[in-house]
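Novice: Pasting a structure here, questions to come.
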2 protein chains.
Amino acid sequence: MSANSRLTIAAHALAWIGLYQRQGHEVATSEQIATSANTNPVVIRRLLGELRRAGLVESRRGVGAGWSLARELESMTLLDVYEAVEPGPLFAMHRTTPDQGCVVGYGIRPAMQGIYEGIEETLRHELARVTLADVLRDVLAAPR
Amino acid sequence: MSANSRLTIAAHALAWIGLYQRQGHEVATSEQIATSANTNPVVIRRLLGELRRAGLVESRRGVGAGWSLARELESMTLLDVYEAVEPGPLFAMHRTTPDQGCVVGYGIRPAMQGIYEGIEETLRHELARVTLADVLRDVLAAPR
DNA sequence: GCAGTCGCAACGTTAATTGTTACGACAGTT
DNA sequence: AACTGTCGTAACAATTAACGTTGCGACTGC
């Protein structure tokens, strides 16, 4: 599958903001987060923009601008983040329509659709079991 | 995520071969399967080659050549197919190493690694619950 | 007015999958 | 022995999504 790192980077950004706020700061800038994640500030702003649309973070503009959490890390799950930053379904169908004159070509898509939906539902349950507070705790628990 | 359709096409091919064999035929050609899936025979041969390496299908060469199942559809699960055709993990880490001097940058990868492993294990359990015989039954159950 | 940061568009870069062509290898048939 | 049909595989183009980068206007506090 070789998936994308959007979920990882988004979790990284949220954990970073959360820790920064615990240290008493009001807002974090996209440049600070980008430095930690070793990427470009625009990449962070794009991802955080999607998280803002989902109601997970807020942003200020002007001097002293930056990002802050809109909710507690304890009330945010990886499912919230996943749904905010991952557009499509986990598994894709055929790129072109299969032969509708063939029994298999006709029935394969509804069949796989039903199967995939059940699997994605299970995936969502798993993602919902992990909060961003869990993530930050695990981050800080890494041995040095 | 907009994943790839490798798992879908591989399941399509296996269901097609299984049904064809139920109808009394010995082997199926990549061209027949490609016509049903509306793609190129080489794409099918590549995927079936990976399934052969996993012991799910066999191939003959020469005149009257083609593909046949190496096991019953009942004993094949989507997990077998998934592991045969999907190379990498479901979720990716950062493309570049995060800032190891930052607490979050240092701990984020082992933290997410542990979380992702648990989720992928659940995904595997779900995939293992569905046999290719289930898939073919669902395919044939599609209303016309 | 100035400075710092977001918001966003535009474009280039990279990587994976998919599609296509080509051709040799193989095994039956004639 | 030549012929035919199909696999096996390499090579390359086409497509797509994610990622990276630059640029610049908008906003806000000083």
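Convention: chains lettered A, B, ... in structure tokens order; per-chain residue numbering from 1; ligands numbered from 1 as shown.
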Go through chain B and flag each residue having an atom no more than 10 Å from chain D; for those, report the closest pair of atoms plus their distance in Å to one decimal, using only C-alpha atoms (C1' of nucleotides), ordered by chain and rising number, as a tab-separated table.
Specialist:
```
residue	atom	partner	partner_atom	distance
B:Met1	CA	D:DA17	C1'	8.7
B:Ser2	CA	D:DA17	C1'	7.8
B:Ala3	CA	D:DA17	C1'	9.5
B:Thr29	CA	D:DT6	C1'	7.6
B:Ser30	CA	D:DT6	C1'	8.6
B:Glu31	CA	D:DT6	C1'	9.3
B:Val42	CA	D:DT9	C1'	9.8
B:Arg45	CA	D:DC7	C1'	8.1
B:Arg46	CA	D:DG8	C1'	9.2
B:Gly49	CA	D:DG8	C1'	9.0
B:Ser59	CA	D:DC7	C1'	7.9
B:Arg60	CA	D:DC7	C1'	7.4
B:Arg61	CA	D:DC7	C1'	5.4
B:Gly62	CA	D:DT6	C1'	5.9
B:Val63	CA	D:DG5	C1'	5.0
B:Gly64	CA	D:DG5	C1'	6.9
B:Ala65	CA	D:DT6	C1'	5.4
B:Gly66	CA	D:DT6	C1'	6.8
B:Trp67	CA	D:DC7	C1'	9.4
B:Arg95	CA	D:DC19	C1'	9.1
```
Novice: Restrict the distance test to only C-alpha atoms, flag each residue of chain B within 6 Å of chain A, and return the flagged residues as a PyMOL selection string.
Specialist: chain B and resi 1-5+36-38+86+88+90-94+98-99+105+107-108+111+138-139+142
Novice: Keeping C-alpha atoms for every residue in the selection just given, could you write it to a file as a PDB file, in the first residue's frame?
Specialist:
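Everything below was put into result01.pdb:
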```
ATOM      1  CA  MET B   1      -5.755   7.645   1.182  1.00  0.00           C
ATOM      2  CA  SER B   2      -6.893   6.828  -2.281  1.00  0.00           C
ATOM      3  CA  ALA B   3      -5.309   3.454  -2.114  1.00  0.00           C
ATOM      4  CA  ASN B   4      -4.471   1.193  -4.936  1.00  0.00           C
ATOM      5  CA  SER B   5      -6.731  -1.396  -6.472  1.00  0.00           C
ATOM      6  CA  SER B  36     -13.415  -9.167 -17.373  1.00  0.00           C
ATOM      7  CA  ALA B  37     -11.460  -6.692 -15.266  1.00  0.00           C
ATOM      8  CA  ASN B  38     -11.150  -4.272 -18.182  1.00  0.00           C
ATOM      9  CA  GLU B  86       0.547  -5.335  -0.692  1.00  0.00           C
ATOM     10  CA  GLY B  88       4.329  -1.967   2.806  1.00  0.00           C
ATOM     11  CA  LEU B  90      -0.803   0.614   6.082  1.00  0.00           C
ATOM     12  CA  PHE B  91       0.381   3.936   7.530  1.00  0.00           C
ATOM     13  CA  ALA B  92       3.718   5.514   6.727  1.00  0.00           C
ATOM     14  CA  MET B  93       6.101   7.381   8.985  1.00  0.00           C
ATOM     15  CA  HIS B  94       7.701  10.738   8.165  1.00  0.00           C
ATOM     16  CA  PRO B  98      12.122  14.272  12.513  1.00  0.00           C
ATOM     17  CA  ASP B  99      14.289  16.578  14.663  1.00  0.00           C
ATOM     18  CA  GLY B 105      10.496  14.544  17.129  1.00  0.00           C
ATOM     19  CA  GLY B 107       9.546  10.017  20.511  1.00  0.00           C
ATOM     20  CA  ILE B 108       6.891  10.283  17.810  1.00  0.00           C
ATOM     21  CA  ALA B 111       4.977   5.906  19.639  1.00  0.00           C
ATOM     22  CA  ASP B 138     -21.286 -12.338  -2.829  1.00  0.00           C
ATOM     23  CA  VAL B 139     -20.358 -11.722  -6.455  1.00  0.00           C
ATOM     24  CA  ALA B 142     -25.528  -9.361  -6.922  1.00  0.00           C
TER      25      ALA B 142
END
```
Novice: Taking a cut-off of 8 Å and counting only C-alpha atoms (C1' of nucleotides), can you build a table that, for each residue of chain C near chain B, reports the nearest atom pair and how far apart they are in Å (one decimal), sorted by chain then residue number, as CSV?
Specialist:
```
residue,atom,partner,partner_atom,distance
C:DT17,C1',B:Asn4,CA,7.0
C:DT18,C1',B:Val43,CA,7.7
C:DG19,C1',B:Asn40,CA,6.8
C:DC26,C1',B:Gly62,CA,5.1
C:DA27,C1',B:Gly62,CA,3.9
C:DG28,C1',B:Val63,CA,5.4
```
Novice: Keeping only N, CA, C and O atoms (P, O5', C5', C4', C3', O3' and C1' of nucleotides), write those residues as a PDB file, in the first residue's frame.
Specialist:
```pdb
ATOM      1  P    DT C  17       2.911   0.407  -5.179  1.00  0.00           P
ATOM      2  O5'  DT C  17       1.815   0.628  -6.305  1.00  0.00           O
ATOM      3  C5'  DT C  17       0.797   1.599  -6.082  1.00  0.00           C
ATOM      4  C4'  DT C  17       0.036   1.870  -7.348  1.00  0.00           C
ATOM      5  C3'  DT C  17      -0.352   0.617  -8.152  1.00  0.00           C
ATOM      6  O3'  DT C  17      -1.749   0.627  -8.329  1.00  0.00           O
ATOM      7  C1'  DT C  17       0.623   2.279  -9.560  1.00  0.00           C
ATOM      8  P    DT C  18      -2.513  -0.613  -9.011  1.00  0.00           P
ATOM      9  O5'  DT C  18      -2.580  -0.177 -10.549  1.00  0.00           O
ATOM     10  C5'  DT C  18      -3.145   1.079 -10.880  1.00  0.00           C
ATOM     11  C4'  DT C  18      -2.889   1.405 -12.334  1.00  0.00           C
ATOM     12  C3'  DT C  18      -3.214   0.264 -13.320  1.00  0.00           C
ATOM     13  O3'  DT C  18      -4.213   0.730 -14.215  1.00  0.00           O
ATOM     14  C1'  DT C  18      -1.133   1.281 -13.831  1.00  0.00           C
ATOM     15  P    DG C  19      -4.792  -0.213 -15.354  1.00  0.00           P
ATOM     16  O5'  DG C  19      -3.884   0.188 -16.601  1.00  0.00           O
ATOM     17  C5'  DG C  19      -3.952   1.516 -17.106  1.00  0.00           C
ATOM     18  C4'  DG C  19      -3.058   1.662 -18.332  1.00  0.00           C
ATOM     19  C3'  DG C  19      -3.266   0.589 -19.413  1.00  0.00           C
ATOM     20  O3'  DG C  19      -3.422   1.239 -20.667  1.00  0.00           O
ATOM     21  C1'  DG C  19      -0.970   0.752 -18.843  1.00  0.00           C
ATOM     22  P    DC C  26      12.867 -22.220 -21.318  1.00  0.00           P
ATOM     23  O5'  DC C  26      11.453 -22.892 -21.537  1.00  0.00           O
ATOM     24  C5'  DC C  26      10.387 -22.546 -20.667  1.00  0.00           C
ATOM     25  C4'  DC C  26       9.068 -22.968 -21.272  1.00  0.00           C
ATOM     26  C3'  DC C  26       9.015 -24.435 -21.740  1.00  0.00           C
ATOM     27  O3'  DC C  26       8.141 -25.136 -20.882  1.00  0.00           O
ATOM     28  C1'  DC C  26       7.950 -22.938 -23.265  1.00  0.00           C
ATOM     29  P    DA C  27       8.163 -26.739 -20.825  1.00  0.00           P
ATOM     30  O5'  DA C  27       6.887 -27.096 -21.703  1.00  0.00           O
ATOM     31  C5'  DA C  27       5.627 -26.576 -21.297  1.00  0.00           C
ATOM     32  C4'  DA C  27       4.590 -26.866 -22.371  1.00  0.00           C
ATOM     33  C3'  DA C  27       4.596 -28.303 -22.895  1.00  0.00           C
ATOM     34  O3'  DA C  27       3.265 -28.691 -23.146  1.00  0.00           O
ATOM     35  C1'  DA C  27       4.885 -26.839 -24.683  1.00  0.00           C
ATOM     36  P    DG C  28       2.748 -30.075 -22.493  1.00  0.00           P
ATOM     37  O5'  DG C  28       1.305 -30.208 -23.171  1.00  0.00           O
ATOM     38  C5'  DG C  28       1.138 -30.949 -24.342  1.00  0.00           C
ATOM     39  C4'  DG C  28       0.682 -30.040 -25.471  1.00  0.00           C
ATOM     40  C3'  DG C  28       0.268 -30.819 -26.712  1.00  0.00           C
ATOM     41  O3'  DG C  28      -1.135 -30.698 -26.907  1.00  0.00           O
ATOM     42  C1'  DG C  28       1.660 -28.950 -27.258  1.00  0.00           C
TER      43       DG C  28
END
```
Novice: Quick check, in Å to one decimal: how far apart do CA of Ala84 in chain A and CA of Leu56 in chain A lie?
Specialist: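 Computed distance, CA of Ala84 in chain A to CA of Leu56 in chain A, equals 9.1 Å.
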Novice: Using DSSP on the backbone coordinates, identify all residues within chain B classified as strand (DSSP E); present the result as a PDB file with N, CA and C atoms, in the first residue's frame.
Specialist:
```
ATOM      1  N   VAL B  57      -1.996 -19.742  -6.591  1.00  0.00           N
ATOM      2  CA  VAL B  57      -2.346 -20.187  -7.950  1.00  0.00           C
ATOM      3  C   VAL B  57      -1.139 -20.862  -8.590  1.00  0.00           C
ATOM      4  N   GLU B  58      -1.403 -21.551  -9.694  1.00  0.00           N
ATOM      5  CA  GLU B  58      -0.346 -22.171 -10.472  1.00  0.00           C
ATOM      6  C   GLU B  58      -0.512 -21.749 -11.918  1.00  0.00           C
ATOM      7  N   SER B  59       0.564 -21.848 -12.689  1.00  0.00           N
ATOM      8  CA  SER B  59       0.460 -21.500 -14.102  1.00  0.00           C
ATOM      9  C   SER B  59       1.115 -22.578 -14.948  1.00  0.00           C
ATOM     10  N   ARG B  60       0.574 -22.752 -16.153  1.00  0.00           N
ATOM     11  CA  ARG B  60       1.159 -23.644 -17.147  1.00  0.00           C
ATOM     12  C   ARG B  60       1.647 -22.798 -18.303  1.00  0.00           C
ATOM     13  N   GLY B  66      -2.178 -21.340 -19.102  1.00  0.00           N
ATOM     14  CA  GLY B  66      -3.076 -20.494 -18.335  1.00  0.00           C
ATOM     15  C   GLY B  66      -2.906 -20.713 -16.846  1.00  0.00           C
ATOM     16  N   TRP B  67      -3.877 -20.211 -16.103  1.00  0.00           N
ATOM     17  CA  TRP B  67      -3.772 -20.192 -14.647  1.00  0.00           C
ATOM     18  C   TRP B  67      -4.842 -21.052 -13.999  1.00  0.00           C
ATOM     19  N   SER B  68      -4.478 -21.678 -12.893  1.00  0.00           N
ATOM     20  CA  SER B  68      -5.454 -22.462 -12.138  1.00  0.00           C
ATOM     21  C   SER B  68      -5.206 -22.241 -10.649  1.00  0.00           C
ATOM     22  N   LEU B  69      -6.211 -22.539  -9.848  1.00  0.00           N
ATOM     23  CA  LEU B  69      -6.084 -22.361  -8.405  1.00  0.00           C
ATOM     24  C   LEU B  69      -5.183 -23.449  -7.824  1.00  0.00           C
TER      25      LEU B  69
END
```
Novice: Quick check for you: according to DSSP on this backbone, which residues of range 29-128 of chain A are classed as alpha helix (DSSP H)? Reply as an MDAnalysis selection string.
Specialist: chainID A and resid 30:37 41:53 78:85 103:128
Novice: How far is it from C1' of DC8 in chain C to CA of Leu78 in chain A, in Å with one decimal?
Specialist: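 Result for C1' of DC8 in chain C versus CA of Leu78 in chain A: 26.7 Å, one decimal.
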Novice: What gap, in Å, lies between CA of Arg53 in chain A and CA of Leu79 in chain A?
Specialist: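 Straight-line distance from CA of Arg53 in chain A to CA of Leu79 in chain A works out to 14.8 Å.
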